[in-house]
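Have a look at query35.tsv; it's TSV, N, CA and C atoms:
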chain	number	residue	atom	x	y	z
A	1	GLY	N	36.68	-29.15	2.90
A	1	GLY	CA	36.67	-27.70	2.79
A	1	GLY	C	35.29	-27.13	3.09
A	2	ILE	N	35.25	-25.84	3.22
A	2	ILE	CA	34.00	-25.15	3.53
A	2	ILE	C	33.36	-24.69	2.22
A	3	ASN	N	32.08	-25.02	2.09
A	3	ASN	CA	31.35	-24.65	0.89
A	3	ASN	C	30.99	-23.17	0.92
A	4	ALA	N	31.38	-22.43	-0.09
A	4	ALA	CA	31.14	-20.99	-0.13
A	4	ALA	C	29.65	-20.67	-0.29
A	5	GLU	N	28.90	-21.63	-0.84
A	5	GLU	CA	27.47	-21.39	-1.05
A	5	GLU	C	26.66	-21.68	0.21
A	6	TYR	N	27.29	-22.26	1.22
A	6	TYR	CA	26.57	-22.67	2.42
A	6	TYR	C	26.06	-21.44	3.17
A	7	GLY	N	24.78	-21.51	3.56
A	7	GLY	CA	24.21	-20.40	4.32
A	7	GLY	C	23.71	-19.28	3.44
A	8	LYS	N	23.68	-19.50	2.12
A	8	LYS	CA	23.21	-18.44	1.22
A	8	LYS	C	21.92	-18.87	0.54
A	9	GLN	N	20.97	-19.37	1.35
A	9	GLN	CA	19.74	-19.87	0.77
A	9	GLN	C	18.74	-18.76	0.49
A	10	TRP	N	18.96	-17.56	1.00
A	10	TRP	CA	17.95	-16.51	0.84
A	10	TRP	C	17.88	-16.03	-0.60
A	11	TYR	N	16.68	-15.66	-0.96
A	11	TYR	CA	16.37	-15.28	-2.34
A	11	TYR	C	16.48	-13.77	-2.49
A	12	GLN	N	17.09	-13.34	-3.54
A	12	GLN	CA	17.19	-11.91	-3.80
A	12	GLN	C	16.64	-11.62	-5.19
A	13	ARG	N	15.75	-10.66	-5.27
A	13	ARG	CA	15.18	-10.31	-6.56
A	13	ARG	C	16.25	-9.63	-7.40
A	14	ARG	N	16.51	-10.16	-8.56
A	14	ARG	CA	17.60	-9.64	-9.40
A	14	ARG	C	17.14	-8.50	-10.31
A	15	VAL	N	15.83	-8.48	-10.61
A	15	VAL	CA	15.33	-7.53	-11.60
A	15	VAL	C	15.33	-6.12	-11.04
A	16	ARG	N	15.97	-5.22	-11.74
A	16	ARG	CA	15.96	-3.81	-11.36
A	16	ARG	C	15.39	-3.02	-12.53
A	17	GLY	N	14.53	-2.07	-12.25
A	17	GLY	CA	13.99	-1.24	-13.31
A	17	GLY	C	12.79	-1.87	-14.00
A	18	VAL	N	12.31	-1.19	-15.01
A	18	VAL	CA	11.10	-1.61	-15.73
A	18	VAL	C	11.47	-2.59	-16.84
A	19	PRO	N	10.73	-3.72	-16.97
A	19	PRO	CA	11.01	-4.66	-18.06
A	19	PRO	C	10.76	-4.03	-19.42
A	20	THR	N	11.44	-4.54	-20.44
A	20	THR	CA	11.35	-3.96	-21.78
A	20	THR	C	9.97	-4.17	-22.39
A	21	TRP	N	9.26	-5.24	-21.96
A	21	TRP	CA	7.95	-5.54	-22.54
A	21	TRP	C	6.82	-4.77	-21.89
A	22	GLN	N	7.13	-3.95	-20.90
A	22	GLN	CA	6.08	-3.20	-20.19
A	22	GLN	C	5.46	-2.12	-21.09
A	23	LYS	N	4.15	-2.24	-21.34
A	23	LYS	CA	3.48	-1.31	-22.25
A	23	LYS	C	2.83	-0.14	-21.51
A	24	LEU	N	2.45	-0.36	-20.23
A	24	LEU	CA	1.73	0.67	-19.49
A	24	LEU	C	2.65	1.83	-19.10
A	25	THR	N	2.11	3.03	-19.14
A	25	THR	CA	2.86	4.21	-18.68
A	25	THR	C	2.56	4.41	-17.20
A	26	PRO	N	3.44	5.13	-16.48
A	26	PRO	CA	3.19	5.39	-15.05
A	26	PRO	C	1.83	6.04	-14.79
A	27	ASP	N	1.39	6.94	-15.68
A	27	ASP	CA	0.10	7.60	-15.48
A	27	ASP	C	-1.08	6.62	-15.61
A	28	GLU	N	-0.97	5.70	-16.57
A	28	GLU	CA	-2.01	4.68	-16.73
A	28	GLU	C	-2.09	3.80	-15.48
A	29	VAL	N	-0.93	3.45	-14.94
A	29	VAL	CA	-0.89	2.61	-13.74
A	29	VAL	C	-1.53	3.35	-12.57
A	30	LYS	N	-1.21	4.66	-12.44
A	30	LYS	CA	-1.80	5.45	-11.35
A	30	LYS	C	-3.31	5.53	-11.48
A	31	GLU	N	-3.81	5.71	-12.70
A	31	GLU	CA	-5.26	5.75	-12.92
A	31	GLU	C	-5.90	4.42	-12.51
A	32	THR	N	-5.24	3.32	-12.87
A	32	THR	CA	-5.75	1.99	-12.50
A	32	THR	C	-5.78	1.84	-10.98
A	33	ILE	N	-4.72	2.34	-10.32
A	33	ILE	CA	-4.66	2.27	-8.85
A	33	ILE	C	-5.82	3.05	-8.23
A	34	TYR	N	-6.09	4.25	-8.77
A	34	TYR	CA	-7.21	5.06	-8.24
A	34	TYR	C	-8.54	4.33	-8.42
A	35	LYS	N	-8.72	3.74	-9.62
A	35	LYS	CA	-9.97	3.04	-9.91
A	35	LYS	C	-10.19	1.87	-8.95
A	36	LEU	N	-9.12	1.07	-8.76
A	36	LEU	CA	-9.23	-0.10	-7.89
A	36	LEU	C	-9.44	0.31	-6.44
A	37	SER	N	-8.82	1.42	-6.05
A	37	SER	CA	-8.97	1.90	-4.67
A	37	SER	C	-10.40	2.35	-4.41
A	38	LYS	N	-11.01	2.98	-5.41
A	38	LYS	CA	-12.40	3.44	-5.25
A	38	LYS	C	-13.36	2.27	-5.13
A	39	LYS	N	-12.95	1.09	-5.65
A	39	LYS	CA	-13.77	-0.12	-5.49
A	39	LYS	C	-13.66	-0.67	-4.08
A	40	GLY	N	-12.73	-0.12	-3.28
A	40	GLY	CA	-12.59	-0.56	-1.90
A	40	GLY	C	-11.49	-1.59	-1.67
A	41	LEU	N	-10.54	-1.67	-2.59
A	41	LEU	CA	-9.45	-2.64	-2.43
A	41	LEU	C	-8.30	-2.04	-1.64
A	42	THR	N	-7.58	-2.90	-0.92
A	42	THR	CA	-6.42	-2.45	-0.13
A	42	THR	C	-5.20	-2.37	-1.05
A	43	PRO	N	-4.15	-1.64	-0.62
A	43	PRO	CA	-2.94	-1.54	-1.45
A	43	PRO	C	-2.36	-2.90	-1.85
A	44	SER	N	-2.38	-3.90	-0.94
A	44	SER	CA	-1.82	-5.20	-1.33
A	44	SER	C	-2.68	-5.89	-2.38
A	45	GLN	N	-3.99	-5.76	-2.26
A	45	GLN	CA	-4.88	-6.36	-3.26
A	45	GLN	C	-4.68	-5.68	-4.62
A	46	ILE	N	-4.49	-4.36	-4.59
A	46	ILE	CA	-4.24	-3.61	-5.83
A	46	ILE	C	-2.95	-4.11	-6.48
A	47	GLY	N	-1.91	-4.31	-5.66
A	47	GLY	CA	-0.63	-4.81	-6.17
A	47	GLY	C	-0.76	-6.17	-6.81
A	48	VAL	N	-1.54	-7.05	-6.18
A	48	VAL	CA	-1.75	-8.40	-6.71
A	48	VAL	C	-2.48	-8.34	-8.05
A	49	ILE	N	-3.51	-7.50	-8.14
A	49	ILE	CA	-4.27	-7.37	-9.40
A	49	ILE	C	-3.38	-6.81	-10.50
A	50	LEU	N	-2.61	-5.77	-10.18
A	50	LEU	CA	-1.71	-5.18	-11.18
A	50	LEU	C	-0.68	-6.20	-11.65
A	51	ARG	N	-0.20	-7.02	-10.72
A	51	ARG	CA	0.80	-8.03	-11.09
A	51	ARG	C	0.18	-9.12	-11.96
A	52	ASP	N	-0.99	-9.62	-11.57
A	52	ASP	CA	-1.57	-10.77	-12.24
A	52	ASP	C	-2.29	-10.40	-13.54
A	53	SER	N	-3.03	-9.29	-13.54
A	53	SER	CA	-3.87	-8.97	-14.70
A	53	SER	C	-3.21	-7.97	-15.66
A	54	HIS	N	-2.34	-7.11	-15.13
A	54	HIS	CA	-1.79	-6.06	-15.98
A	54	HIS	C	-0.29	-6.23	-16.26
A	55	GLY	N	0.33	-7.24	-15.64
A	55	GLY	CA	1.73	-7.52	-15.90
A	55	GLY	C	2.71	-6.49	-15.36
A	56	VAL	N	2.33	-5.80	-14.27
A	56	VAL	CA	3.24	-4.83	-13.65
A	56	VAL	C	3.89	-5.54	-12.47
A	57	ASN	N	5.21	-5.82	-12.60
A	57	ASN	CA	5.83	-6.60	-11.53
A	57	ASN	C	6.07	-5.76	-10.27
A	58	GLN	N	6.67	-4.61	-10.39
A	58	GLN	CA	6.90	-3.74	-9.23
A	58	GLN	C	6.42	-2.34	-9.55
A	59	ILE	N	5.40	-1.89	-8.85
A	59	ILE	CA	4.83	-0.57	-9.10
A	59	ILE	C	5.87	0.51	-8.82
A	60	LYS	N	6.70	0.26	-7.80
A	60	LYS	CA	7.70	1.24	-7.41
A	60	LYS	C	8.71	1.51	-8.52
A	61	HIS	N	9.09	0.47	-9.28
A	61	HIS	CA	10.04	0.66	-10.37
A	61	HIS	C	9.42	1.50	-11.49
A	62	LEU	N	8.12	1.30	-11.72
A	62	LEU	CA	7.45	1.96	-12.84
A	62	LEU	C	7.10	3.41	-12.51
A	63	THR	N	6.49	3.64	-11.32
A	63	THR	CA	6.00	4.99	-10.99
A	63	THR	C	6.99	5.78	-10.14
A	64	GLY	N	7.91	5.08	-9.49
A	64	GLY	CA	8.86	5.78	-8.62
A	64	GLY	C	8.38	5.87	-7.18
A	65	THR	N	7.10	5.56	-6.93
A	65	THR	CA	6.57	5.55	-5.56
A	65	THR	C	5.72	4.32	-5.33
A	66	LYS	N	5.51	4.01	-4.05
A	66	LYS	CA	4.73	2.84	-3.69
A	66	LYS	C	3.24	3.14	-3.80
A	67	ILE	N	2.43	2.06	-3.81
A	67	ILE	CA	0.98	2.20	-3.99
A	67	ILE	C	0.38	3.07	-2.88
A	68	LEU	N	0.76	2.79	-1.64
A	68	LEU	CA	0.17	3.52	-0.51
A	68	LEU	C	0.48	5.01	-0.60
A	69	ARG	N	1.69	5.35	-1.03
A	69	ARG	CA	2.06	6.76	-1.16
A	69	ARG	C	1.28	7.43	-2.29
A	70	ILE	N	1.06	6.69	-3.37
A	70	ILE	CA	0.25	7.22	-4.49
A	70	ILE	C	-1.16	7.51	-3.99
A	71	LEU	N	-1.73	6.59	-3.20
A	71	LEU	CA	-3.08	6.76	-2.67
A	71	LEU	C	-3.13	7.92	-1.66
A	72	ARG	N	-2.09	8.01	-0.82
A	72	ARG	CA	-2.05	9.10	0.17
A	72	ARG	C	-2.03	10.47	-0.50
A	73	ALA	N	-1.24	10.57	-1.57
A	73	ALA	CA	-1.13	11.85	-2.29
A	73	ALA	C	-2.48	12.28	-2.85
A	74	LYS	N	-3.30	11.31	-3.21
A	74	LYS	CA	-4.63	11.60	-3.78
A	74	LYS	C	-5.70	11.67	-2.69
A	75	GLY	N	-5.30	11.30	-1.44
A	75	GLY	CA	-6.26	11.32	-0.33
A	75	GLY	C	-7.20	10.12	-0.32
A	76	LEU	N	-6.76	9.00	-0.92
A	76	LEU	CA	-7.60	7.80	-1.00
A	76	LEU	C	-7.18	6.73	0.01
A	77	ALA	N	-6.08	6.96	0.73
A	77	ALA	CA	-5.60	5.95	1.68
A	77	ALA	C	-6.55	5.85	2.87
A	78	SER	N	-6.66	4.64	3.44
A	78	SER	CA	-7.56	4.47	4.58
A	78	SER	C	-6.96	5.11	5.83
A	79	LYS	N	-7.84	5.43	6.77
A	79	LYS	CA	-7.41	6.11	8.00
A	79	LYS	C	-6.52	5.21	8.86
A	80	ILE	N	-6.83	3.91	8.84
A	80	ILE	CA	-6.11	2.95	9.67
A	80	ILE	C	-5.26	2.06	8.77
A	81	PRO	N	-3.98	1.85	9.11
A	81	PRO	CA	-3.09	1.03	8.26
A	81	PRO	C	-3.63	-0.38	8.05
A	82	GLU	N	-3.29	-0.93	6.88
A	82	GLU	CA	-3.85	-2.21	6.45
A	82	GLU	C	-3.51	-3.36	7.40
A	83	ASP	N	-2.24	-3.45	7.82
A	83	ASP	CA	-1.84	-4.56	8.69
A	83	ASP	C	-2.56	-4.51	10.04
A	84	LEU	N	-2.71	-3.31	10.58
A	84	LEU	CA	-3.42	-3.13	11.85
A	84	LEU	C	-4.89	-3.49	11.68
A	85	TYR	N	-5.46	-3.07	10.56
A	85	TYR	CA	-6.87	-3.37	10.28
A	85	TYR	C	-7.12	-4.87	10.27
A	86	HIS	N	-6.22	-5.62	9.60
A	86	HIS	CA	-6.41	-7.07	9.51
A	86	HIS	C	-6.23	-7.76	10.86
A	87	LEU	N	-5.31	-7.25	11.68
A	87	LEU	CA	-5.14	-7.82	13.03
A	87	LEU	C	-6.40	-7.60	13.86
A	88	ILE	N	-6.97	-6.39	13.77
A	88	ILE	CA	-8.18	-6.08	14.53
A	88	ILE	C	-9.34	-6.95	14.05
A	89	LYS	N	-9.42	-7.13	12.72
A	89	LYS	CA	-10.47	-7.96	12.14
A	89	LYS	C	-10.36	-9.40	12.67
A	90	LYS	N	-9.12	-9.90	12.75
A	90	LYS	CA	-8.88	-11.26	13.26
A	90	LYS	C	-9.28	-11.36	14.73
A	91	ALA	N	-8.92	-10.33	15.51
A	91	ALA	CA	-9.26	-10.33	16.94
A	91	ALA	C	-10.78	-10.32	17.13
A	92	VAL	N	-11.48	-9.55	16.31
A	92	VAL	CA	-12.95	-9.48	16.40
A	92	VAL	C	-13.56	-10.84	16.08
A	93	ALA	N	-13.01	-11.51	15.05
A	93	ALA	CA	-13.53	-12.84	14.67
A	93	ALA	C	-13.33	-13.84	15.81
A	94	ILE	N	-12.17	-13.79	16.46
A	94	ILE	CA	-11.90	-14.73	17.57
A	94	ILE	C	-12.82	-14.42	18.75
A	95	ARG	N	-13.04	-13.12	19.02
A	95	ARG	CA	-13.92	-12.71	20.11
A	95	ARG	C	-15.34	-13.24	19.88
A	96	LYS	N	-15.80	-13.13	18.62
A	96	LYS	CA	-17.13	-13.62	18.26
A	96	LYS	C	-17.20	-15.14	18.46
A	97	HIS	N	-16.12	-15.83	18.09
A	97	HIS	CA	-16.04	-17.28	18.26
A	97	HIS	C	-16.09	-17.64	19.75
A	98	LEU	N	-15.39	-16.84	20.58
A	98	LEU	CA	-15.34	-17.13	22.01
A	98	LEU	C	-16.69	-16.90	22.70
A	99	GLU	N	-17.54	-16.04	22.12
A	99	GLU	CA	-18.88	-15.85	22.70
A	99	GLU	C	-19.67	-17.15	22.63
A	100	LYS	N	-19.51	-17.88	21.52
A	100	LYS	CA	-20.22	-19.15	21.35
A	100	LYS	C	-19.51	-20.27	22.11
A	101	ASN	N	-18.17	-20.26	22.07
A	101	ASN	CA	-17.38	-21.36	22.65
A	101	ASN	C	-16.50	-20.84	23.79
A	102	ARG	N	-17.11	-20.71	24.94
A	102	ARG	CA	-16.39	-20.11	26.08
A	102	ARG	C	-15.25	-20.99	26.60
A	103	GLN	N	-15.35	-22.31	26.38
A	103	GLN	CA	-14.34	-23.22	26.93
A	103	GLN	C	-13.07	-23.27	26.08
A	104	ASP	N	-13.10	-22.66	24.91
A	104	ASP	CA	-11.97	-22.75	23.99
A	104	ASP	C	-10.77	-21.97	24.52
A	105	LYS	N	-9.94	-22.68	25.30
A	105	LYS	CA	-8.80	-22.03	25.97
A	105	LYS	C	-7.74	-21.59	24.96
A	106	ASP	N	-7.55	-22.39	23.91
A	106	ASP	CA	-6.53	-22.06	22.92
A	106	ASP	C	-6.86	-20.74	22.21
A	107	SER	N	-8.13	-20.58	21.85
A	107	SER	CA	-8.53	-19.33	21.19
A	107	SER	C	-8.37	-18.14	22.12
A	108	LYS	N	-8.65	-18.37	23.40
A	108	LYS	CA	-8.50	-17.30	24.38
A	108	LYS	C	-7.03	-16.85	24.41
A	109	TYR	N	-6.14	-17.83	24.38
A	109	TYR	CA	-4.70	-17.55	24.40
A	109	TYR	C	-4.28	-16.83	23.12
A	110	ARG	N	-4.77	-17.32	21.97
A	110	ARG	CA	-4.43	-16.69	20.68
A	110	ARG	C	-4.93	-15.25	20.62
A	111	LEU	N	-6.11	-15.02	21.21
A	111	LEU	CA	-6.67	-13.66	21.23
A	111	LEU	C	-5.75	-12.72	22.01
A	112	ILE	N	-5.22	-13.21	23.11
A	112	ILE	CA	-4.28	-12.39	23.90
A	112	ILE	C	-3.06	-12.05	23.07
A	113	LEU	N	-2.53	-13.04	22.33
A	113	LEU	CA	-1.36	-12.80	21.49
A	113	LEU	C	-1.66	-11.79	20.39
A	114	ILE	N	-2.80	-11.94	19.74
A	114	ILE	CA	-3.17	-11.04	18.65
A	114	ILE	C	-3.38	-9.63	19.18
A	115	GLU	N	-4.06	-9.52	20.33
A	115	GLU	CA	-4.32	-8.18	20.87
A	115	GLU	C	-3.03	-7.51	21.32
A	116	SER	N	-2.06	-8.29	21.79
A	116	SER	CA	-0.78	-7.67	22.17
A	116	SER	C	-0.06	-7.16	20.92
A	117	ARG	N	-0.23	-7.91	19.80
A	117	ARG	CA	0.35	-7.43	18.54
A	117	ARG	C	-0.33	-6.15	18.06
A	118	VAL	N	-1.66	-6.07	18.27
A	118	VAL	CA	-2.41	-4.86	17.91
A	118	VAL	C	-1.86	-3.67	18.68
A	119	HIS	N	-1.67	-3.86	20.01
A	119	HIS	CA	-1.17	-2.76	20.85
A	119	HIS	C	0.24	-2.35	20.45
A	120	LYS	N	1.07	-3.35	20.15
A	120	LYS	CA	2.45	-3.07	19.76
A	120	LYS	C	2.49	-2.26	18.45
A	121	LEU	N	1.68	-2.69	17.47
A	121	LEU	CA	1.62	-2.01	16.18
A	121	LEU	C	1.04	-0.61	16.32
A	122	ALA	N	0.03	-0.47	17.18
A	122	ALA	CA	-0.59	0.84	17.42
A	122	ALA	C	0.43	1.80	18.04
A	123	ARG	N	1.24	1.28	18.96
A	123	ARG	CA	2.30	2.10	19.57
A	123	ARG	C	3.25	2.61	18.51
A	124	TYR	N	3.63	1.72	17.59
A	124	TYR	CA	4.54	2.08	16.50
A	124	TYR	C	3.93	3.16	15.62
A	125	TYR	N	2.66	2.96	15.23
A	125	TYR	CA	2.01	3.92	14.33
A	125	TYR	C	1.76	5.27	15.00
A	126	LYS	N	1.55	5.26	16.32
A	126	LYS	CA	1.41	6.53	17.04
A	126	LYS	C	2.74	7.27	17.04
A	127	ARG	N	3.82	6.50	17.24
A	127	ARG	CA	5.16	7.09	17.25
A	127	ARG	C	5.50	7.70	15.90
A	128	LYS	N	5.08	7.01	14.82
A	128	LYS	CA	5.34	7.49	13.46
A	128	LYS	C	4.27	8.49	13.01
A	129	SER	N	3.38	8.85	13.91
A	129	SER	CA	2.23	9.76	13.70
A	129	SER	C	1.40	9.40	12.46
A	130	VAL	N	1.17	8.08	12.29
A	130	VAL	CA	0.23	7.61	11.28
A	130	VAL	C	-1.16	7.58	11.91
A	131	LEU	N	-1.20	7.17	13.19
A	131	LEU	CA	-2.44	7.19	13.96
A	131	LEU	C	-2.42	8.40	14.89
A	132	PRO	N	-3.59	8.97	15.21
A	132	PRO	CA	-3.61	10.08	16.18
A	132	PRO	C	-3.20	9.59	17.57
A	133	PRO	N	-2.59	10.45	18.39
A	133	PRO	CA	-2.10	10.01	19.70
A	133	PRO	C	-3.20	9.50	20.63
A	134	ASN	N	-4.44	9.93	20.40
A	134	ASN	CA	-5.53	9.49	21.29
A	134	ASN	C	-6.26	8.26	20.76
A	135	TRP	N	-5.74	7.63	19.68
A	135	TRP	CA	-6.37	6.44	19.12
A	135	TRP	C	-6.25	5.30	20.10
A	136	LYS	N	-7.37	4.56	20.26
A	136	LYS	CA	-7.36	3.46	21.21
A	136	LYS	C	-8.06	2.26	20.58
A	137	TYR	N	-7.52	1.08	20.83
A	137	TYR	CA	-8.15	-0.15	20.36
A	137	TYR	C	-9.16	-0.60	21.39
A	138	GLU	N	-10.42	-0.61	20.99
A	138	GLU	CA	-11.48	-1.07	21.91
A	138	GLU	C	-11.70	-2.55	21.67
A	139	SER	N	-11.45	-3.37	22.70
A	139	SER	CA	-11.49	-4.82	22.51
A	139	SER	C	-12.93	-5.35	22.44
A	140	SER	N	-13.88	-4.62	22.99
A	140	SER	CA	-15.26	-5.16	22.99
A	140	SER	C	-15.98	-4.87	21.70

Here is a file; write its structure as C-alpha cells.
Amino acid sequence: GINAEYGKQWYQRRVRGVPTWQKLTPDEVKETIYKLSKKGLTPSQIGVILRDSHGVNQIKHLTGTKILRILRAKGLASKIPEDLYHLIKKAVAIRKHLEKNRQDKDSKYRLILIESRVHKLARYYKRKSVLPPNWKYESS
C-alpha cells in the first residue's frame, strides 16, 4: 500500500498566537527593537536577540507587525534592504580577494553569480518601489 505520510517531510510551525508564559508587552518589545536598531543591528539580528535573550518567539504574533515594519514606521529602517546589502557586501569581499588573486577563476565565476543576484534583487525592489528607480549597483 501507499504510505499516507510519504512526501510530508516539511516542517510546519504549529504555535499560533502568544505563549502563556510571555511576560513582555508589545510596547516593551517595540522599545527594545528601537534600542537595538539604534545600536546598528539589522532586523534579523534584532529578531535573534529577542528570541534568545528575551524569549519572544515570533514578534509578529506579539505586536501584530513585523520588525522591519515597526522600524519603518519609526523611520529607523535602512535605506537599502538587508538581503541586498549582504549580497553587495559579499560581492565587494570577493572583488577585494580577486585583486590579490587574479588567477582565481572560481571566485571570478562566483562573483558573476552574486552580481547577477544583486541585479535581479535590485530589479525586484525597484518594481516594489523600495529602491529609487535611478538606483544603480556600482561594481567597482

*Long-range neighbours of A:Asp83 as JSON, numbers by chain, 12 Å cut-off, only C-alpha atoms, 2 positions minimum in chain*: {"A": [42, 43, 44, 78, 80, 81, 85, 86, 87, 88, 89, 90, 114, 117, 118, 120, 121, 122, 125]}

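Close contacts of A:Asp27, defined as residues with an atom at most 10 Å away when counting only C-alpha atoms, with chain neighbours fewer than 5 positions off set aside, comprise A:Thr32, A:Ile33, A:Leu62, A:Thr63.
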
*Between A:Lys126, A:Ile112, A:Pro133, A:Gly17, which has the minimum distance to A:His61 (counting all atoms listed in the file)?*
A:Gly17

*asked:* Let's see if you can do this: from backbone DSSP, list all helix (DSSP H, G or I) residues in stretch 38-124 of chain A, as a ChimeraX atom specification.
replied: /A:38,43-53,59-63,67-74,82-100,105-124

For stretch 95-112 of chain A, what centre and edge lengths in Å (one decimal) does the axis-aligned box get once 8 Å is added on each side of all its listed atoms, as lines of an AutoDock Vina configuration file?
center_x = -11.6
center_y = -17.7
center_z = 22.5
size_x = 33.2
size_y = 27.2
size_z = 24.8

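Counting from atom CA of A:Lys30, the distance to atom CA of A:Leu71 is 8.9 Å.
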
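The spacing separating atom CA of A:Ser139 from atom CA of A:Leu76 amounts to 27.0 Å.
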
Please return stretch 73-80 of chain A, rebuilt to all heavy atoms, as a JSON list (two decimals), keeping the file's coordinate frame.
[["chain", "number", "residue", "atom", "x", "y", "z"],
["A", 73, "ALA", "N", -1.24, 10.57, -1.57],
["A", 73, "ALA", "CA", -1.13, 11.85, -2.29],
["A", 73, "ALA", "C", -2.48, 12.28, -2.85],
["A", 73, "ALA", "O", -2.77, 13.47, -2.93],
["A", 73, "ALA", "CB", -0.10, 11.72, -3.41],
["A", 74, "LYS", "N", -3.30, 11.31, -3.21],
["A", 74, "LYS", "CA", -4.63, 11.60, -3.78],
["A", 74, "LYS", "C", -5.70, 11.67, -2.69],
["A", 74, "LYS", "O", -6.84, 12.02, -2.96],
["A", 74, "LYS", "CB", -4.96, 10.49, -4.78],
["A", 74, "LYS", "CG", -6.11, 10.78, -5.69],
["A", 74, "LYS", "CD", -5.70, 11.58, -6.89],
["A", 74, "LYS", "CE", -6.80, 11.56, -7.92],
["A", 74, "LYS", "NZ", -6.57, 12.45, -9.03],
["A", 75, "GLY", "N", -5.30, 11.30, -1.44],
["A", 75, "GLY", "CA", -6.26, 11.32, -0.33],
["A", 75, "GLY", "C", -7.20, 10.12, -0.32],
["A", 75, "GLY", "O", -8.28, 10.19, 0.23],
["A", 76, "LEU", "N", -6.76, 9.00, -0.92],
["A", 76, "LEU", "CA", -7.60, 7.80, -1.00],
["A", 76, "LEU", "C", -7.18, 6.73, 0.01],
["A", 76, "LEU", "O", -7.84, 5.69, 0.11],
["A", 76, "LEU", "CB", -7.54, 7.21, -2.41],
["A", 76, "LEU", "CG", -8.18, 8.03, -3.52],
["A", 76, "LEU", "CD1", -7.85, 7.44, -4.88],
["A", 76, "LEU", "CD2", -9.69, 8.10, -3.35],
["A", 77, "ALA", "N", -6.08, 6.96, 0.73],
["A", 77, "ALA", "CA", -5.60, 5.95, 1.68],
["A", 77, "ALA", "C", -6.55, 5.85, 2.87],
["A", 77, "ALA", "O", -7.18, 6.84, 3.25],
["A", 77, "ALA", "CB", -4.20, 6.31, 2.17],
["A", 78, "SER", "N", -6.66, 4.64, 3.44],
["A", 78, "SER", "CA", -7.56, 4.47, 4.58],
["A", 78, "SER", "C", -6.96, 5.11, 5.83],
["A", 78, "SER", "O", -5.75, 5.30, 5.92],
["A", 78, "SER", "CB", -7.82, 2.98, 4.82],
["A", 78, "SER", "OG", -6.62, 2.36, 5.22],
["A", 79, "LYS", "N", -7.84, 5.43, 6.77],
["A", 79, "LYS", "CA", -7.41, 6.11, 8.00],
["A", 79, "LYS", "C", -6.52, 5.21, 8.86],
["A", 79, "LYS", "O", -5.61, 5.67, 9.52],
["A", 79, "LYS", "CB", -8.63, 6.54, 8.83],
["A", 79, "LYS", "CG", -9.57, 7.47, 8.10],
["A", 79, "LYS", "CD", -9.10, 8.92, 8.18],
["A", 79, "LYS", "CE", -9.99, 9.85, 7.40],
["A", 79, "LYS", "NZ", -9.68, 9.90, 5.97],
["A", 80, "ILE", "N", -6.83, 3.91, 8.84],
["A", 80, "ILE", "CA", -6.11, 2.95, 9.67],
["A", 80, "ILE", "C", -5.26, 2.06, 8.77],
["A", 80, "ILE", "O", -5.75, 1.57, 7.75],
["A", 80, "ILE", "CB", -7.11, 2.14, 10.54],
["A", 80, "ILE", "CG1", -6.44, 1.00, 11.26],
["A", 80, "ILE", "CG2", -8.25, 1.64, 9.73],
["A", 80, "ILE", "CD1", -7.32, 0.39, 12.31]]
